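Okay, work-v9.pdb now, which holds PDB, C-alpha atoms:
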```
ATOM      1  CA  MET A   5      19.155 -14.838 -10.090
ATOM      2  CA  LEU A   6      16.861 -14.363  -7.125
ATOM      3  CA  VAL A   7      17.491 -11.145  -5.208
ATOM      4  CA  ILE A   8      15.504  -9.799  -2.259
ATOM      5  CA  HIS A   9      15.397  -5.990  -2.443
ATOM      6  CA  GLN A  10      14.387  -3.361   0.073
ATOM      7  CA  PHE A  11      10.849  -2.140  -0.557
ATOM      8  CA  ASP A  12      10.644   0.638  -3.150
ATOM      9  CA  THR A  13       7.717   3.039  -2.624
ATOM     10  CA  GLU A  14       7.633   3.661  -6.379
ATOM     11  CA  LEU A  15       6.026   0.214  -6.713
ATOM     12  CA  THR A  16       2.841   1.519  -5.079
ATOM     13  CA  HIS A  17       2.578   4.345  -7.626
ATOM     14  CA  LYS A  18       3.345   1.968 -10.473
ATOM     15  CA  TYR A  19       0.612  -0.406  -9.251
ATOM     16  CA  ARG A  20      -1.993   2.377  -9.465
ATOM     17  CA  GLU A  21      -0.974   3.194 -13.027
ATOM     18  CA  ILE A  22      -1.051  -0.460 -14.079
ATOM     19  CA  ALA A  23      -4.417  -1.075 -12.394
ATOM     20  CA  SER A  24      -5.910   1.809 -14.366
ATOM     21  CA  VAL A  25      -4.629   0.316 -17.623
ATOM     22  CA  LEU A  26      -5.915  -3.138 -16.630
ATOM     23  CA  TYR A  27      -9.403  -1.734 -16.047
ATOM     24  CA  ASP A  28      -9.255  -0.135 -19.501
ATOM     25  CA  ILE A  29      -8.263  -3.460 -21.077
ATOM     26  CA  LEU A  30     -10.625  -5.700 -19.132
ATOM     27  CA  GLY A  31     -13.636  -3.460 -18.602
ATOM     28  CA  ASP A  32     -16.250  -3.669 -15.895
ATOM     29  CA  GLY A  33     -17.113  -6.725 -13.859
ATOM     30  CA  ILE A  34     -13.634  -7.510 -12.610
ATOM     31  CA  ALA A  35     -11.881  -6.867  -9.326
ATOM     32  CA  ILE A  36      -8.254  -5.790  -9.222
ATOM     33  CA  HIS A  37      -6.210  -6.071  -6.012
ATOM     34  CA  HIS A  38      -2.617  -5.250  -5.158
ATOM     35  CA  VAL A  39      -1.143  -8.323  -3.438
ATOM     36  CA  GLY A  40       2.325  -9.646  -2.645
ATOM     37  CA  SER A  41       5.261  -7.942  -0.955
ATOM     38  CA  SER A  42       4.867  -4.651  -2.796
ATOM     39  CA  ALA A  43       1.295  -4.367  -1.452
ATOM     40  CA  LEU A  44       2.624  -5.047   2.046
ATOM     41  CA  GLY A  45       5.456  -2.518   1.879
ATOM     42  CA  ILE A  46       8.148  -5.084   2.688
ATOM     43  CA  SER A  47      11.318  -6.412   1.124
ATOM     44  CA  GLY A  48      10.874  -8.782  -1.775
ATOM     45  CA  LYS A  49      11.734  -9.333  -5.393
ATOM     46  CA  ASN A  50      10.132  -5.903  -6.031
ATOM     47  CA  ILE A  51       7.712  -7.432  -8.473
ATOM     48  CA  ILE A  52       4.205  -5.996  -8.538
ATOM     49  CA  ASP A  53       1.728  -8.817  -7.955
ATOM     50  CA  ILE A  54      -1.822  -8.075  -9.045
ATOM     51  CA  LEU A  55      -4.814 -10.301  -8.394
ATOM     52  CA  ILE A  56      -7.575 -10.108 -10.987
ATOM     53  CA  GLY A  57     -10.917 -11.567  -9.949
ATOM     54  CA  VAL A  58     -13.390 -12.464 -12.678
ATOM     55  CA  PRO A  59     -16.983 -13.674 -12.257
ATOM     56  CA  ARG A  60     -16.776 -17.023 -14.102
ATOM     57  CA  GLU A  61     -14.241 -19.602 -15.221
ATOM     58  CA  SER A  62     -14.806 -18.708 -18.888
ATOM     59  CA  ASP A  63     -13.886 -15.108 -18.050
ATOM     60  CA  MET A  64     -10.418 -16.221 -16.906
ATOM     61  CA  ARG A  65      -9.382 -17.202 -20.427
ATOM     62  CA  LEU A  66     -11.068 -14.157 -21.954
ATOM     63  CA  ALA A  67      -9.159 -11.833 -19.593
ATOM     64  CA  ALA A  68      -5.885 -13.679 -20.208
ATOM     65  CA  ASP A  69      -6.305 -13.456 -23.986
ATOM     66  CA  ARG A  70      -6.927  -9.706 -23.787
ATOM     67  CA  LEU A  71      -3.878  -9.234 -21.588
ATOM     68  CA  VAL A  72      -1.663 -11.320 -23.869
ATOM     69  CA  LYS A  73      -2.772  -9.093 -26.763
ATOM     70  CA  ALA A  74      -1.782  -6.114 -24.588
ATOM     71  CA  GLY A  75       1.749  -7.490 -24.186
ATOM     72  CA  TYR A  76       1.712  -9.848 -21.188
ATOM     73  CA  PHE A  77       3.108 -13.398 -21.375
ATOM     74  CA  GLU A  78       1.444 -16.511 -20.002
ATOM     75  CA  GLY A  79       3.637 -18.363 -17.535
ATOM     76  CA  LYS A  80       4.181 -22.000 -16.652
ATOM     77  CA  GLU A  81       2.374 -21.540 -13.336
ATOM     78  CA  THR A  82      -1.015 -21.407 -15.065
ATOM     79  CA  GLY A  83      -3.446 -24.053 -13.858
ATOM     80  CA  GLU A  84      -7.163 -24.765 -13.576
ATOM     81  CA  GLU A  85      -7.694 -22.339 -10.705
ATOM     82  CA  ARG A  86      -5.370 -19.532 -11.759
ATOM     83  CA  ILE A  87      -3.925 -18.098 -14.938
ATOM     84  CA  PHE A  88      -0.515 -16.524 -14.425
ATOM     85  CA  LEU A  89       0.799 -13.764 -16.683
ATOM     86  CA  ALA A  90       4.044 -11.790 -16.487
ATOM     87  CA  SER A  91       5.265  -8.582 -18.054
ATOM     88  CA  ARG A  92       8.223 -10.374 -19.657
ATOM     89  CA  PRO A  93       8.654 -13.854 -21.152
ATOM     90  CA  SER A  94      11.896 -14.675 -19.364
ATOM     91  CA  GLU A  95      12.830 -14.679 -15.695
ATOM     92  CA  THR A  96      11.365 -11.594 -14.120
ATOM     93  CA  ARG A  97      13.261  -8.958 -12.217
ATOM     94  CA  ALA A  98      12.596  -5.956 -10.009
ATOM     95  CA  GLY A  99       9.902  -3.672 -11.394
ATOM     96  CA  ASP A 100       8.137  -6.381 -13.390
ATOM     97  CA  VAL A 101       4.460  -7.258 -13.067
ATOM     98  CA  HIS A 102       2.821 -10.600 -12.271
ATOM     99  CA  LEU A 103      -0.895 -11.010 -12.888
ATOM    100  CA  HIS A 104      -2.912 -13.740 -11.171
ATOM    101  CA  ILE A 105      -6.329 -14.273 -12.777
ATOM    102  CA  CYS A 106      -8.803 -16.253 -10.661
ATOM    103  CA  ILE A 107     -12.521 -16.650 -10.228
ATOM    104  CA  GLU A 108     -13.599 -14.066  -7.678
ATOM    105  CA  ASP A 109     -14.380 -15.602  -4.278
ATOM    106  CA  SER A 110     -12.734 -18.919  -5.217
ATOM    107  CA  PRO A 111     -10.434 -20.450  -2.579
ATOM    108  CA  ILE A 112      -7.243 -19.338  -4.370
ATOM    109  CA  HIS A 113      -8.603 -15.793  -4.834
ATOM    110  CA  GLU A 114      -9.579 -15.636  -1.174
ATOM    111  CA  ASN A 115      -6.163 -16.971  -0.092
ATOM    112  CA  PHE A 116      -4.419 -14.022  -1.727
ATOM    113  CA  LEU A 117      -6.682 -11.535   0.036
ATOM    114  CA  VAL A 118      -6.824 -13.258   3.416
ATOM    115  CA  LEU A 119      -3.029 -13.472   3.515
ATOM    116  CA  ARG A 120      -2.569  -9.824   2.536
ATOM    117  CA  ASP A 121      -5.153  -8.542   4.990
ATOM    118  CA  PHE A 122      -3.848 -10.709   7.833
ATOM    119  CA  LEU A 123      -0.267  -9.557   7.368
ATOM    120  CA  LEU A 124      -1.339  -5.920   7.199
ATOM    121  CA  ALA A 125      -3.431  -6.322  10.359
ATOM    122  CA  TYR A 126      -0.710  -8.099  12.374
ATOM    123  CA  PRO A 127       2.675  -6.317  12.209
ATOM    124  CA  ASP A 128       4.452  -9.151  14.081
ATOM    125  CA  GLU A 129       3.273 -11.641  11.450
ATOM    126  CA  LEU A 130       4.349  -9.241   8.696
ATOM    127  CA  ALA A 131       7.845  -8.993  10.199
ATOM    128  CA  LYS A 132       8.029 -12.795  10.506
ATOM    129  CA  TYR A 133       7.030 -13.148   6.877
ATOM    130  CA  GLU A 134       9.644 -10.664   5.704
ATOM    131  CA  ASN A 135      12.316 -12.504   7.707
ATOM    132  CA  GLN A 136      11.125 -15.853   6.365
ATOM    133  CA  LYS A 137      11.426 -14.588   2.793
ATOM    134  CA  ARG A 138      15.035 -13.565   3.407
ATOM    135  CA  GLU A 139      15.800 -16.909   5.026
ATOM    136  CA  CYS A 140      14.194 -18.821   2.153
ATOM    137  CA  ALA A 141      16.203 -16.781  -0.363
ATOM    138  CA  MET A 142      19.424 -17.473   1.524
ATOM    139  CA  ILE A 143      18.747 -21.228   1.716
ATOM    140  CA  ALA A 144      17.661 -21.346  -1.946
ATOM    141  CA  ASN A 145      20.949 -19.700  -2.934
ATOM    142  CA  GLY A 146      19.484 -17.941  -5.979
ATOM    143  CA  ASP A 147      17.299 -20.863  -7.133
ATOM    144  CA  ARG A 148      13.804 -19.421  -7.741
ATOM    145  CA  GLN A 149      12.080 -22.807  -7.762
ATOM    146  CA  GLU A 150      13.604 -23.764  -4.427
ATOM    147  CA  TYR A 151      12.718 -20.346  -3.022
ATOM    148  CA  ARG A 152       9.089 -20.809  -4.106
ATOM    149  CA  ARG A 153       8.978 -24.281  -2.601
ATOM    150  CA  LEU A 154      10.361 -23.114   0.737
ATOM    151  CA  LYS A 155       8.173 -20.021   0.868
ATOM    152  CA  SER A 156       5.066 -21.974  -0.156
ATOM    153  CA  ARG A 157       5.234 -24.166   2.929
ATOM    154  CA  TYR A 158       5.401 -21.092   5.161
ATOM    155  CA  LEU A 159       2.590 -19.349   3.264
ATOM    156  CA  THR A 160       0.269 -22.334   3.646
ATOM    157  CA  GLN A 161       0.778 -22.278   7.404
ATOM    158  CA  THR A 162       0.313 -18.501   7.526
ATOM    159  CA  ILE A 163      -2.886 -18.625   5.463
ATOM    160  CA  ASN A 164      -4.270 -21.228   7.871
ATOM    161  CA  ARG A 165      -3.432 -18.975  10.834
ATOM    162  CA  ALA A 166      -4.930 -16.004   8.985
ATOM    163  CA  ARG A 167      -8.199 -17.822   8.393
ATOM    164  CA  MET A 168      -8.426 -18.642  12.085
ATOM    165  CA  ALA A 169      -7.594 -15.063  13.107
ATOM    166  CA  ILE A 170      -9.589 -12.911  10.700
ATOM    167  CA  ALA A 171     -11.788 -15.098   8.512
ATOM    168  CA  PRO A 172     -13.251 -18.003  10.507
ATOM    169  CA  ASP A 173     -16.365 -17.971   8.307
ATOM    170  CA  MET A 174     -14.153 -18.886   5.326
ATOM    171  CA  LEU A 175     -12.851 -22.121   6.854
ATOM    172  CA  GLU A 176     -15.037 -24.160   4.514
ATOM    173  CA  TYR A 177     -12.407 -23.645   1.796
TER     174      TYR A 177
END
```
Can I see the file as structure tokens?
Amino acid sequence: MLVIHQFDTELTHKYREIASVLYDILGDGIAIHHVGSSALGISGKNIIDILIGVPRESDMRLAADRLVKAGYFEGKETGEERIFLASRPSETRAGDVHLHICIEDSPIHENFLVLRDFLLAYPDELAKYENQKRECAMIANGDRQEYRRLKSRYLTQTINRARMAIAPDMLEY
């Protein structure tokens, strides 16, 4: 069941602990970023989303394999541009971790960062996003797939606005 929770500051502390462990598992040469609602300090599913940037495509699978050995589970959302891992095999809930492994500086990697930085830089946009998430959850009526679909449309538009506002040199993506 999809539930939108008030932001829990404990998520920020938990992110720091998890990032430290991820660096231990993955070693040097990777970039780890806190993304998603918990990085923004807004209401959400209270899942900790972490973006892991690796230098090459072959490193994506290597990182994923190490993380699976460490107890993460590969999700259905894995594709050519991103490997998705979660801290539990079944539907996630508040306090869980989602890992997004991408090639550093790829369009999908940049989208995560551009969106986060834009929303942090523009409080009005951040408030709109938080409201949109609640509206999407209400319309989706607990259906996670429908929620993702509705939110995805909004995120695409917001990323486009973000690129125009703070990253015009990245418009080639």
* Tell me, in Å to one decimal, how far atom CA of A:Asp12 is from atom CA of A:Arg92. => 20.0 Å
* Check the smallest atom-to-atom distance from each of A:Tyr151, A:Phe116, A:Tyr76, A:Phe122 to A:Leu103 using all atoms listed in the file, then report the winner. =>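 Distance minimum relative to A:Leu103 lands on A:Tyr76.
Between A:Met168 and the residues A:Val118, A:Asp100, A:Cys140, A:Asp128, the shortest atom-to-atom distance, using only C-alpha atoms, involves A:Val118.
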* On this file, the PyMOL selection byres ((chain A and resi 18) around 12) gives some set of residues; write that set as number ranges by chain. => A: 12-17, 19-25, 38, 42-43, 50-54, 99-101
* Asked: In Å to one decimal, how far is atom CA of A:Arg120 from atom CA of A:Gly40?
  ->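 Atom-to-atom, atom CA of A:Gly40 and atom CA of A:Arg120 are spaced 7.1 Å apart.
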* Would you work out the distance separating atom CA of A:Asp69 from atom CA of A:Ser94, expressed in Å to one decimal? => 18.8 Å
* Run through the PyMOL selection byres ((chain A and resi 88) around 6) on the given coordinates and return the selected residues as a list in words. =>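 Answer for the PyMOL selection byres ((chain A and resi 88) around 6): Glu78, Gly79, Glu81, Thr82, Ile87, Leu89, Leu103 and His104 of chain A.
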* To do: Rank A:Ser62, A:Asn135, A:Ser91, A:Asn115 by their smallest atom-to-atom distance to A:Thr162, using only C-alpha atoms, and report the top residue only.
  => A:Asn115
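Neighbours of A:Arg153 closer than or equal to 12 Å, with all atoms listed in the file counted and sequence neighbours fewer than 6 positions away skipped, come out as Lys137, Cys140, Ala141, Ile143, Ala144, Asp147, Leu159 and Thr160 of chain A.
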* Asked: Closest to A:Leu44 among A:Ile105, A:Ala131, A:Leu6, A:Glu114, using all atoms listed in the file?
  ->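 Distance minimum relative to A:Leu44 lands on A:Ala131.
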* To do: Pick out the closest residue to A:Ala90 from this set: A:Cys106, A:Met64, A:Ile56, A:Val72. Count all atoms listed in the file.
  =>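 The closest residue to A:Ala90 is A:Val72.
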Please put the answer as AutoDock Vina command-line options: centre and edge lengths, in Å with one decimal, of a box along x, y and z that encloses all listed atoms of stretch 104-120 of chain A plus 5 Å on each side.
```
--center_x -8.5 --center_y -15.1 --center_z -4.6 --size_x 21.8 --size_y 20.6 --size_z 26.3
```
* To do: May I ask which of the residues A:Glu108, A:Gln149, A:His37, A:Gly57 is the closest one to A:Asp121, counting all atoms listed in the file?
  => A:His37
* Asked: Which residues come within 10 Å of A:Ser110, counting all atoms listed in the file, excluding same-chain residues fewer than 6 positions away, as a PyMOL selection string?
  -> chain A and resi 57-60+85-86+177
* **the PyMOL selection byres ((chain A and resi 31) around 12) applied to the shown file, residues as a list in words** =>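 So the PyMOL selection byres ((chain A and resi 31) around 12), applied here, picks out Ala23, Ser24, Val25, Leu26, Tyr27, Asp28, Ile29, Leu30, Asp32, Gly33, Ile34, Ala35, Ile36, Ile56, Val58, Asp63, Leu66, Ala67, Arg70 and Leu71 of chain A.
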